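Have a look at start.cif; it's mmCIF, C-alpha atoms:
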```
data_query
#
loop_
_atom_site.label_atom_id
_atom_site.label_comp_id
_atom_site.auth_asym_id
_atom_site.auth_seq_id
_atom_site.Cartn_x
_atom_site.Cartn_y
_atom_site.Cartn_z
CA MET A 132 -12.40 -8.25 -44.99
CA ALA A 133 -12.26 -5.19 -42.75
CA GLY A 134 -14.96 -6.69 -40.55
CA THR A 135 -13.03 -9.92 -40.25
CA THR A 136 -9.86 -8.04 -39.33
CA GLY A 137 -11.72 -6.00 -36.73
CA HIS A 138 -13.22 -9.14 -35.25
CA THR A 139 -9.79 -10.78 -35.14
CA LEU A 140 -8.22 -7.78 -33.41
CA LYS A 141 -11.00 -7.70 -30.83
CA ALA A 142 -10.55 -11.41 -30.13
CA PHE A 143 -6.79 -10.90 -29.76
CA ASP A 144 -7.31 -8.01 -27.34
CA GLU A 145 -9.64 -10.22 -25.30
CA ASP A 146 -7.00 -12.95 -25.24
CA LEU A 147 -4.42 -10.46 -23.93
CA ASP A 148 -6.85 -9.15 -21.32
CA GLN A 149 -7.44 -12.69 -20.06
CA LEU A 150 -3.71 -13.28 -19.95
CA ARG A 151 -3.15 -10.09 -17.93
CA ALA A 152 -6.02 -11.03 -15.58
CA SER A 153 -4.52 -14.47 -14.91
CA ILE A 154 -1.11 -12.94 -14.21
CA ALA A 155 -2.71 -10.42 -11.86
CA GLU A 156 -4.53 -13.24 -10.07
CA MET A 157 -1.27 -15.14 -9.69
CA GLY A 158 0.33 -12.02 -8.26
CA GLY A 159 -2.48 -11.60 -5.74
CA LEU A 160 -2.08 -15.20 -4.58
CA ALA A 161 1.70 -14.87 -4.31
CA GLU A 162 1.44 -11.61 -2.39
CA ALA A 163 -1.10 -13.17 0.01
CA ALA A 164 1.17 -16.19 0.48
CA ILE A 165 4.06 -13.93 1.51
CA SER A 166 2.02 -11.97 4.04
CA GLU A 167 0.22 -15.05 5.42
CA SER A 168 3.42 -17.06 5.80
CA MET A 169 4.95 -14.15 7.69
CA ARG A 170 1.89 -13.74 9.91
CA ALA A 171 1.98 -17.48 10.65
CA LEU A 172 5.67 -17.21 11.51
CA VAL A 173 5.28 -14.25 13.87
CA GLN A 174 2.20 -15.71 15.58
CA ARG A 175 3.50 -19.31 15.54
CA ASP A 176 0.26 -20.27 13.78
CA LEU A 177 0.76 -23.80 12.45
CA GLU A 178 -2.72 -24.00 10.92
CA ALA A 179 -2.21 -20.80 8.92
CA ALA A 180 1.21 -22.03 7.81
CA GLN A 181 -0.27 -25.27 6.54
CA LYS A 182 -2.92 -23.34 4.61
CA VAL A 183 -0.15 -21.43 2.79
CA VAL A 184 1.45 -24.75 1.86
CA ASP A 185 -1.86 -26.20 0.66
CA ASP A 186 -2.88 -23.10 -1.30
CA ASP A 187 0.30 -23.24 -3.37
CA GLN A 188 -1.55 -25.68 -5.65
CA LYS A 189 -3.70 -22.78 -6.88
CA LEU A 190 -0.60 -20.96 -8.13
CA ASP A 191 0.65 -24.10 -9.85
CA ALA A 192 -2.70 -24.51 -11.64
CA LEU A 193 -2.76 -20.86 -12.73
CA GLU A 194 0.77 -21.10 -14.09
CA MET A 195 -0.29 -24.02 -16.28
CA GLU A 196 -3.34 -22.04 -17.42
CA VAL A 197 -1.22 -19.01 -18.37
CA GLU A 198 1.30 -21.22 -20.19
CA SER A 199 -1.45 -22.92 -22.18
CA ARG A 200 -3.15 -19.62 -23.05
CA ALA A 201 0.11 -17.93 -24.08
CA VAL A 202 1.11 -20.81 -26.35
CA GLN A 203 -2.38 -20.80 -27.88
CA ILE A 204 -2.19 -17.04 -28.54
CA ILE A 205 1.19 -17.40 -30.25
CA ALA A 206 -0.02 -20.35 -32.34
CA LEU A 207 -3.40 -18.91 -33.38
CA ARG A 208 -2.80 -15.15 -33.47
CA ALA A 209 0.85 -14.97 -34.58
CA PRO A 210 1.42 -11.71 -32.67
CA MET A 211 4.18 -9.36 -33.80
CA ALA A 212 6.53 -6.88 -32.12
CA ASP A 213 5.01 -5.30 -28.97
CA ASP A 214 2.24 -7.87 -28.66
CA LEU A 215 4.63 -10.79 -29.00
CA ARG A 216 6.93 -9.32 -26.32
CA GLU A 217 3.96 -9.04 -23.96
CA VAL A 218 2.81 -12.62 -24.53
CA VAL A 219 6.33 -14.00 -24.08
CA ALA A 220 6.78 -11.85 -20.96
CA ALA A 221 3.53 -13.23 -19.52
CA LEU A 222 4.77 -16.77 -20.16
CA LYS A 223 8.05 -16.09 -18.34
CA ILE A 224 6.46 -14.05 -15.55
CA ALA A 225 4.03 -16.84 -14.71
CA GLY A 226 6.97 -19.16 -14.03
CA VAL A 227 8.70 -16.58 -11.86
CA VAL A 228 5.56 -15.84 -9.83
CA GLU A 229 5.08 -19.57 -9.26
CA ARG A 230 8.62 -19.65 -7.84
CA ILE A 231 7.76 -16.72 -5.57
CA GLY A 232 4.88 -18.80 -4.25
CA ASP A 233 7.31 -21.65 -3.61
CA TYR A 234 9.52 -19.37 -1.51
CA ALA A 235 6.50 -18.27 0.53
CA LYS A 236 5.62 -21.94 0.99
CA ASN A 237 9.18 -22.61 2.18
CA ILE A 238 8.79 -19.87 4.78
CA ALA A 239 5.53 -21.42 5.98
CA LYS A 240 7.25 -24.78 6.35
CA ARG A 241 9.74 -23.21 8.80
CA VAL A 242 6.97 -22.16 11.20
CA ARG A 243 6.88 -25.53 12.97
CA ALA A 244 10.61 -25.42 13.68
CA ILE A 245 10.58 -21.81 14.89
CA GLU A 246 7.40 -22.39 16.90
CA GLN A 247 9.56 -24.26 19.42
CA SER A 248 11.65 -21.11 20.11
CA PRO A 249 9.57 -18.48 21.94
CA ASN A 250 12.55 -16.19 22.64
CA LEU A 251 13.70 -15.58 19.07
CA ARG A 252 14.38 -11.84 19.35
CA PRO A 253 15.72 -11.19 15.81
CA LEU A 254 12.34 -12.30 14.41
CA SER A 255 11.16 -8.69 14.86
CA LEU A 256 13.37 -7.60 11.92
CA VAL A 257 11.93 -9.97 9.33
CA PRO A 258 8.32 -8.71 8.84
CA GLU A 259 9.49 -5.35 7.47
CA MET A 260 11.67 -7.12 4.91
CA ALA A 261 8.65 -9.26 3.97
CA ARG A 262 6.51 -6.13 3.57
CA ILE A 263 9.02 -4.60 1.15
CA VAL A 264 9.29 -7.70 -1.06
CA ALA A 265 5.50 -8.17 -1.11
CA GLU A 266 5.14 -4.55 -2.28
CA MET A 267 7.77 -5.18 -4.97
CA VAL A 268 5.80 -8.17 -6.26
CA HIS A 269 2.59 -6.13 -6.24
CA SER A 270 4.17 -3.16 -8.05
CA ALA A 271 5.93 -5.33 -10.64
CA LEU A 272 2.70 -7.04 -11.63
CA ASP A 273 0.76 -3.77 -11.58
CA ALA A 274 3.38 -2.48 -14.02
CA PHE A 275 2.80 -5.52 -16.25
CA VAL A 276 -0.97 -5.03 -16.36
CA ALA A 277 -0.54 -1.29 -17.05
CA ARG A 278 2.42 -1.78 -19.45
CA ASP A 279 4.23 0.84 -17.34
CA ALA A 280 7.98 0.75 -18.00
CA GLN A 281 8.75 3.55 -15.52
CA LYS A 282 6.98 1.77 -12.66
CA ALA A 283 8.88 -1.42 -13.52
CA ALA A 284 12.19 0.48 -13.33
CA GLU A 285 11.24 1.84 -9.90
CA VAL A 286 10.69 -1.72 -8.63
CA CYS A 287 14.22 -2.67 -9.68
CA GLN A 288 15.67 0.26 -7.75
CA ARG A 289 14.21 -1.14 -4.51
CA ASP A 290 16.14 -4.40 -4.68
CA ARG A 291 19.15 -2.86 -2.96
CA ALA A 292 17.04 -2.10 0.13
CA VAL A 293 16.10 -5.80 0.32
CA ASP A 294 19.77 -6.81 0.08
CA ASP A 295 20.64 -4.34 2.85
CA PHE A 296 17.89 -5.81 5.03
CA TYR A 297 19.19 -9.33 4.47
CA ASN A 298 22.75 -8.33 5.37
CA SER A 299 21.51 -6.64 8.55
CA ILE A 300 19.46 -9.68 9.57
CA PHE A 301 22.41 -11.98 8.81
CA ARG A 302 24.72 -9.99 11.11
CA THR A 303 22.08 -9.86 13.85
CA LEU A 304 21.45 -13.59 13.69
CA LEU A 305 25.17 -14.33 13.74
CA THR A 306 25.50 -12.32 16.95
CA PHE A 307 22.45 -14.07 18.38
CA MET A 308 24.00 -17.48 17.69
CA MET A 309 27.30 -16.47 19.28
CA GLU A 310 25.55 -15.38 22.46
CA ASP A 311 24.22 -18.87 23.16
CA PRO A 312 24.77 -22.12 21.23
CA GLN A 313 21.12 -23.04 21.91
CA ASN A 314 20.16 -20.21 19.56
CA ILE A 315 21.95 -21.78 16.60
CA THR A 316 19.16 -24.05 15.34
CA PRO A 317 16.24 -21.57 15.51
CA ALA A 318 18.44 -18.75 14.19
CA THR A 319 19.46 -20.93 11.25
CA HIS A 320 15.80 -21.52 10.39
CA LEU A 321 15.18 -17.77 10.56
CA LEU A 322 18.18 -17.14 8.34
CA PHE A 323 16.62 -19.45 5.74
CA VAL A 324 13.42 -17.39 6.01
CA ALA A 325 15.35 -14.18 5.37
CA LYS A 326 17.14 -15.80 2.42
CA ASN A 327 13.81 -16.84 0.92
CA LEU A 328 12.59 -13.25 1.23
CA GLU A 329 15.76 -12.00 -0.43
CA ARG A 330 15.17 -14.41 -3.32
CA ILE A 331 11.57 -13.17 -3.64
CA GLY A 332 12.99 -9.66 -4.00
CA ASP A 333 15.34 -10.90 -6.73
CA HIS A 334 12.44 -12.55 -8.56
CA ALA A 335 10.28 -9.42 -8.28
CA THR A 336 13.18 -7.52 -9.85
CA ASN A 337 13.38 -10.12 -12.64
CA VAL A 338 9.66 -9.67 -13.31
CA ALA A 339 10.09 -5.91 -13.42
CA GLU A 340 12.94 -6.22 -15.92
CA MET A 341 10.74 -8.40 -18.16
CA VAL A 342 7.92 -5.87 -17.88
CA TYR A 343 10.26 -3.03 -18.79
CA PHE A 344 11.42 -4.85 -21.90
CA ALA A 345 7.90 -5.88 -22.90
CA ALA A 346 6.63 -2.32 -22.54
CA SER A 347 9.55 -0.42 -24.04
CA GLY A 348 11.52 -2.85 -26.20
CA ASP A 349 14.68 -1.82 -24.30
CA ARG A 350 16.72 -3.52 -21.60
CA LEU A 351 17.20 -1.89 -18.22
CA GLY A 352 20.69 -0.47 -17.79
CA GLN A 353 22.63 -0.67 -14.52
CA ARG A 354 21.89 2.95 -13.67
CA GLN A 355 18.15 2.42 -14.17
CA ARG A 356 18.30 -0.62 -11.88
CA GLY A 357 19.95 1.48 -9.19
CA ILE A 358 23.33 -0.25 -9.55
CA ASP A 359 26.55 1.74 -9.33
CA SER A 360 28.58 0.68 -12.35
CA THR A 361 31.81 1.36 -10.43
CA GLN A 362 30.86 -1.44 -8.02
CA SER A 363 29.77 -4.04 -10.58
CA ASP A 364 31.88 -7.12 -11.26
#
```
Take the structure I supplied and represent it as structure tokens, if you would.
Amino acid sequence: MAGTTGHTLKAFDEDLDQLRASIAEMGGLAEAAISESMRALVQRDLEAAQKVVDDDQKLDALEMEVESRAVQIIALRAPMADDLREVVAALKIAGVVERIGDYAKNIAKRVRAIEQSPNLRPLSLVPEMARIVAEMVHSALDAFVARDAQKAAEVCQRDRAVDDFYNSIFRTLLTFMMEDPQNITPATHLLFVAKNLERIGDHATNVAEMVYFAASGDRLGQRQRGIDSTQSD
């Protein structure tokens, strides 16, 4: 019986390792989609933008694979406590990462519209915001693979910086549009890009909160998320 139990535990550990590997692969694809969509935007590279759109199918396929594997683990292994939290977290995280890929795809789709506006000065502000959210995605998924609650909490604390970036870009674009009505259309497209990046930051924070709960069994408080309770609604 002991041998059977040992064999079962080893098989379960292998299932979890495969689940973590698939999530990590999804994260790598999502991170690449963010950086490539931004590079395509800055360089007005329509071919690179289309590749981001086309490659989104890989994320969709991986999400389905993770969902199938997670359901199978729950059905066959009946995990308890910590292990169950991790499997459920993986199931939820896969859906969130797929959404992150969709936001990157949305950015890539704006390249054609912005490509017609060579003098879009506020564009210089956006790549740094993209770098921050891509790092948040990377760190959140690293925390999942490592079951590192502290690293997950640190990701959540960076969300405010993303919000500040978005507000700054919004004000800059508003000024840009007021300077010349011809700027309104391209600036609106760029505002949508910034909003997509802000949503990616929100989703990275959501992933980190799931990781924190899966690793610790506790929910992140406002203070741990870097939120001043005196300013909350």
Identify all residues satisfying the PyMOL selection byres ((chain A and resi 276) around 9) in the given file; provide them as a PDB file with C-alpha atoms, in the coordinates of the input.
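File produced: part25.pdb:
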```pdb
ATOM      1  CA  ASP A 148      -6.850  -9.150 -21.320  1.00  0.00           C
ATOM      2  CA  ARG A 151      -3.150 -10.090 -17.930  1.00  0.00           C
ATOM      3  CA  ALA A 152      -6.020 -11.030 -15.580  1.00  0.00           C
ATOM      4  CA  ILE A 154      -1.110 -12.940 -14.210  1.00  0.00           C
ATOM      5  CA  ALA A 155      -2.710 -10.420 -11.860  1.00  0.00           C
ATOM      6  CA  ALA A 271       5.930  -5.330 -10.640  1.00  0.00           C
ATOM      7  CA  LEU A 272       2.700  -7.040 -11.630  1.00  0.00           C
ATOM      8  CA  ASP A 273       0.760  -3.770 -11.580  1.00  0.00           C
ATOM      9  CA  ALA A 274       3.380  -2.480 -14.020  1.00  0.00           C
ATOM     10  CA  PHE A 275       2.800  -5.520 -16.250  1.00  0.00           C
ATOM     11  CA  ALA A 277      -0.540  -1.290 -17.050  1.00  0.00           C
ATOM     12  CA  ARG A 278       2.420  -1.780 -19.450  1.00  0.00           C
ATOM     13  CA  ASP A 279       4.230   0.840 -17.340  1.00  0.00           C
TER      14      ASP A 279
END
```
Sorted per-residue table, range 228-296 of chain A near range 304-328 of chain A, closest atoms and distance, 8 Å, only C-alpha atoms, as JSON lines:
```
{"residue": "A:Tyr234", "atom": "CA", "partner": "A:Asn327", "partner_atom": "CA", "distance": 5.5}
{"residue": "A:Ala235", "atom": "CA", "partner": "A:Asn327", "partner_atom": "CA", "distance": 7.5}
{"residue": "A:Asn237", "atom": "CA", "partner": "A:Asn327", "partner_atom": "CA", "distance": 7.5}
{"residue": "A:Ile238", "atom": "CA", "partner": "A:Val324", "partner_atom": "CA", "distance": 5.4}
{"residue": "A:Arg241", "atom": "CA", "partner": "A:His320", "partner_atom": "CA", "distance": 6.5}
{"residue": "A:Ala244", "atom": "CA", "partner": "A:Pro317", "partner_atom": "CA", "distance": 7.1}
{"residue": "A:Ile245", "atom": "CA", "partner": "A:Pro317", "partner_atom": "CA", "distance": 5.7}
{"residue": "A:Ser248", "atom": "CA", "partner": "A:Pro317", "partner_atom": "CA", "distance": 6.5}
{"residue": "A:Leu251", "atom": "CA", "partner": "A:Pro317", "partner_atom": "CA", "distance": 7.4}
{"residue": "A:Pro253", "atom": "CA", "partner": "A:Leu304", "partner_atom": "CA", "distance": 6.6}
{"residue": "A:Leu254", "atom": "CA", "partner": "A:Leu321", "partner_atom": "CA", "distance": 7.3}
{"residue": "A:Val257", "atom": "CA", "partner": "A:Ala325", "partner_atom": "CA", "distance": 6.7}
{"residue": "A:Met260", "atom": "CA", "partner": "A:Leu328", "partner_atom": "CA", "distance": 7.2}
{"residue": "A:Ala261", "atom": "CA", "partner": "A:Leu328", "partner_atom": "CA", "distance": 6.2}
{"residue": "A:Val264", "atom": "CA", "partner": "A:Leu328", "partner_atom": "CA", "distance": 6.9}
```
Minimum-distance residue to Ile165 in chain A, chosen among A:Leu256, A:Ala265, A:Val197, A:Val227 (using only C-alpha atoms): A:Ala265
Please evaluate the PyMOL selection byres ((chain A and resi 280-285) around 12) against the displayed coordinates and give the resulting residues as a PDB file with C-alpha atoms, in the coordinates of the input.
```pdb
ATOM      1  CA  GLU A 266       5.140  -4.550  -2.280  1.00  0.00           C
ATOM      2  CA  MET A 267       7.770  -5.180  -4.970  1.00  0.00           C
ATOM      3  CA  VAL A 268       5.800  -8.170  -6.260  1.00  0.00           C
ATOM      4  CA  HIS A 269       2.590  -6.130  -6.240  1.00  0.00           C
ATOM      5  CA  SER A 270       4.170  -3.160  -8.050  1.00  0.00           C
ATOM      6  CA  ALA A 271       5.930  -5.330 -10.640  1.00  0.00           C
ATOM      7  CA  LEU A 272       2.700  -7.040 -11.630  1.00  0.00           C
ATOM      8  CA  ASP A 273       0.760  -3.770 -11.580  1.00  0.00           C
ATOM      9  CA  ALA A 274       3.380  -2.480 -14.020  1.00  0.00           C
ATOM     10  CA  PHE A 275       2.800  -5.520 -16.250  1.00  0.00           C
ATOM     11  CA  VAL A 276      -0.970  -5.030 -16.360  1.00  0.00           C
ATOM     12  CA  ALA A 277      -0.540  -1.290 -17.050  1.00  0.00           C
ATOM     13  CA  ARG A 278       2.420  -1.780 -19.450  1.00  0.00           C
ATOM     14  CA  ASP A 279       4.230   0.840 -17.340  1.00  0.00           C
ATOM     15  CA  VAL A 286      10.690  -1.720  -8.630  1.00  0.00           C
ATOM     16  CA  CYS A 287      14.220  -2.670  -9.680  1.00  0.00           C
ATOM     17  CA  GLN A 288      15.670   0.260  -7.750  1.00  0.00           C
ATOM     18  CA  ARG A 289      14.210  -1.140  -4.510  1.00  0.00           C
ATOM     19  CA  ASP A 290      16.140  -4.400  -4.680  1.00  0.00           C
ATOM     20  CA  ARG A 291      19.150  -2.860  -2.960  1.00  0.00           C
ATOM     21  CA  ALA A 335      10.280  -9.420  -8.280  1.00  0.00           C
ATOM     22  CA  THR A 336      13.180  -7.520  -9.850  1.00  0.00           C
ATOM     23  CA  ASN A 337      13.380 -10.120 -12.640  1.00  0.00           C
ATOM     24  CA  VAL A 338       9.660  -9.670 -13.310  1.00  0.00           C
ATOM     25  CA  ALA A 339      10.090  -5.910 -13.420  1.00  0.00           C
ATOM     26  CA  GLU A 340      12.940  -6.220 -15.920  1.00  0.00           C
ATOM     27  CA  MET A 341      10.740  -8.400 -18.160  1.00  0.00           C
ATOM     28  CA  VAL A 342       7.920  -5.870 -17.880  1.00  0.00           C
ATOM     29  CA  TYR A 343      10.260  -3.030 -18.790  1.00  0.00           C
ATOM     30  CA  PHE A 344      11.420  -4.850 -21.900  1.00  0.00           C
ATOM     31  CA  ALA A 345       7.900  -5.880 -22.900  1.00  0.00           C
ATOM     32  CA  ALA A 346       6.630  -2.320 -22.540  1.00  0.00           C
ATOM     33  CA  SER A 347       9.550  -0.420 -24.040  1.00  0.00           C
ATOM     34  CA  GLY A 348      11.520  -2.850 -26.200  1.00  0.00           C
ATOM     35  CA  ASP A 349      14.680  -1.820 -24.300  1.00  0.00           C
ATOM     36  CA  ARG A 350      16.720  -3.520 -21.600  1.00  0.00           C
ATOM     37  CA  LEU A 351      17.200  -1.890 -18.220  1.00  0.00           C
ATOM     38  CA  GLY A 352      20.690  -0.470 -17.790  1.00  0.00           C
ATOM     39  CA  GLN A 353      22.630  -0.670 -14.520  1.00  0.00           C
ATOM     40  CA  ARG A 354      21.890   2.950 -13.670  1.00  0.00           C
ATOM     41  CA  GLN A 355      18.150   2.420 -14.170  1.00  0.00           C
ATOM     42  CA  ARG A 356      18.300  -0.620 -11.880  1.00  0.00           C
ATOM     43  CA  GLY A 357      19.950   1.480  -9.190  1.00  0.00           C
ATOM     44  CA  ILE A 358      23.330  -0.250  -9.550  1.00  0.00           C
TER      45      ILE A 358
END
```
May I ask for the distance between CA of Val228 in chain A and CA of Gln188 in chain A, given in Å to one decimal place? 12.8 Å
Min atom-atom distance to Arg252 in chain A from the set A:Ala180, A:Val173, A:Ala209, A:Glu217, counting all atoms listed in the file, belongs to A:Val173
One decimal, in Å: what's the spacing between CA of Val202 in chain A and CA of Arg230 in chain A? 20.0 Å
I'd like to know which of A:Ile331, A:Leu177, A:Ala201, A:Met195 is closest to Ala220 in chain A, using all atoms listed in the file.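 Of the candidates, the smallest distance to Ala220 in chain A is held by A:Ala201.
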Counting only C-alpha atoms, the residue of A:Ile204, A:Leu190, A:Val242, A:Met157 that sits nearest Val219 in chain A: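 Closest residue, counting only C-alpha atoms: A:Ile204.
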Do you have the CA of Asn250 in chain A-CA of Ser299 in chain A distance handy?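 Computed distance, CA of Asn250 in chain A to CA of Ser299 in chain A, equals 19.2 Å.
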Using only C-alpha atoms, can you tell me which of A:Glu194, A:Ile224, A:Gln247, A:Asp186 comes closest to Glu167 in chain A?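 Counting only C-alpha atoms, the residue closest to Glu167 in chain A is A:Asp186.
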Decode the PyMOL selection byres ((chain A and resi 178) around 12) for the given file into explicit residues and return them as a count of residues only. 21
Distance criterion (all atoms listed in the file): nearest to Leu160 in chain A out of A:Asp233, A:Glu198, A:Asp213, A:Asp144: A:Asp233
Missing atoms in range 262-280 of chain A: can you complete it with N, CA and C atoms, as an mmCIF file, in the frame of the given file?
```cif
data_model
loop_
_atom_site.group_PDB
_atom_site.id
_atom_site.type_symbol
_atom_site.label_atom_id
_atom_site.label_comp_id
_atom_site.auth_asym_id
_atom_site.auth_seq_id
_atom_site.Cartn_x
_atom_site.Cartn_y
_atom_site.Cartn_z
ATOM 1 N N ARG A 262 7.420 -7.170 4.077
ATOM 2 C CA ARG A 262 6.510 -6.130 3.570
ATOM 3 C C ARG A 262 7.086 -5.501 2.292
ATOM 4 N N ILE A 263 8.386 -5.232 2.308
ATOM 5 C CA ILE A 263 9.020 -4.600 1.150
ATOM 6 C C ILE A 263 8.961 -5.521 -0.072
ATOM 7 N N VAL A 264 9.285 -6.811 0.105
ATOM 8 C CA VAL A 264 9.290 -7.700 -1.060
ATOM 9 C C VAL A 264 7.874 -7.950 -1.574
ATOM 10 N N ALA A 265 6.889 -7.998 -0.665
ATOM 11 C CA ALA A 265 5.500 -8.170 -1.110
ATOM 12 C C ALA A 265 5.058 -6.963 -1.933
ATOM 13 N N GLU A 266 5.469 -5.762 -1.519
ATOM 14 C CA GLU A 266 5.140 -4.550 -2.280
ATOM 15 C C GLU A 266 5.833 -4.564 -3.640
ATOM 16 N N MET A 267 7.059 -5.083 -3.687
ATOM 17 C CA MET A 267 7.770 -5.180 -4.970
ATOM 18 C C MET A 267 7.027 -6.099 -5.936
ATOM 19 N N VAL A 268 6.571 -7.242 -5.418
ATOM 20 C CA VAL A 268 5.800 -8.170 -6.260
ATOM 21 C C VAL A 268 4.538 -7.489 -6.774
ATOM 22 N N HIS A 269 3.837 -6.817 -5.873
ATOM 23 C CA HIS A 269 2.590 -6.130 -6.240
ATOM 24 C C HIS A 269 2.852 -5.070 -7.311
ATOM 25 N N SER A 270 3.878 -4.257 -7.110
ATOM 26 C CA SER A 270 4.170 -3.160 -8.050
ATOM 27 C C SER A 270 4.638 -3.691 -9.398
ATOM 28 N N ALA A 271 5.439 -4.764 -9.382
ATOM 29 C CA ALA A 271 5.930 -5.330 -10.640
ATOM 30 C C ALA A 271 4.783 -5.841 -11.498
ATOM 31 N N LEU A 272 3.816 -6.490 -10.861
ATOM 32 C CA LEU A 272 2.700 -7.040 -11.630
ATOM 33 C C LEU A 272 1.691 -5.957 -12.006
ATOM 34 N N ASP A 273 1.561 -4.929 -11.184
ATOM 35 C CA ASP A 273 0.760 -3.770 -11.580
ATOM 36 C C ASP A 273 1.360 -3.135 -12.838
ATOM 37 N N ALA A 274 2.688 -3.053 -12.864
ATOM 38 C CA ALA A 274 3.380 -2.480 -14.020
ATOM 39 C C ALA A 274 3.131 -3.322 -15.272
ATOM 40 N N PHE A 275 3.075 -4.644 -15.108
ATOM 41 C CA PHE A 275 2.800 -5.520 -16.250
ATOM 42 C C PHE A 275 1.406 -5.267 -16.805
ATOM 43 N N VAL A 276 0.411 -5.229 -15.921
ATOM 44 C CA VAL A 276 -0.970 -5.030 -16.360
ATOM 45 C C VAL A 276 -1.129 -3.674 -17.044
ATOM 46 N N ALA A 277 -0.429 -2.656 -16.504
ATOM 47 C CA ALA A 277 -0.540 -1.290 -17.050
ATOM 48 C C ALA A 277 0.452 -1.024 -18.179
ATOM 49 N N ARG A 278 1.347 -1.979 -18.461
ATOM 50 C CA ARG A 278 2.420 -1.780 -19.450
ATOM 51 C C ARG A 278 3.209 -0.517 -19.123
ATOM 52 N N ASP A 279 3.587 -0.373 -17.852
ATOM 53 C CA ASP A 279 4.230 0.840 -17.340
ATOM 54 C C ASP A 279 5.716 0.584 -17.126
ATOM 55 N N ALA A 280 6.546 1.000 -18.084
ATOM 56 C CA ALA A 280 7.980 0.750 -18.000
ATOM 57 C C ALA A 280 8.620 1.514 -16.845
#
```
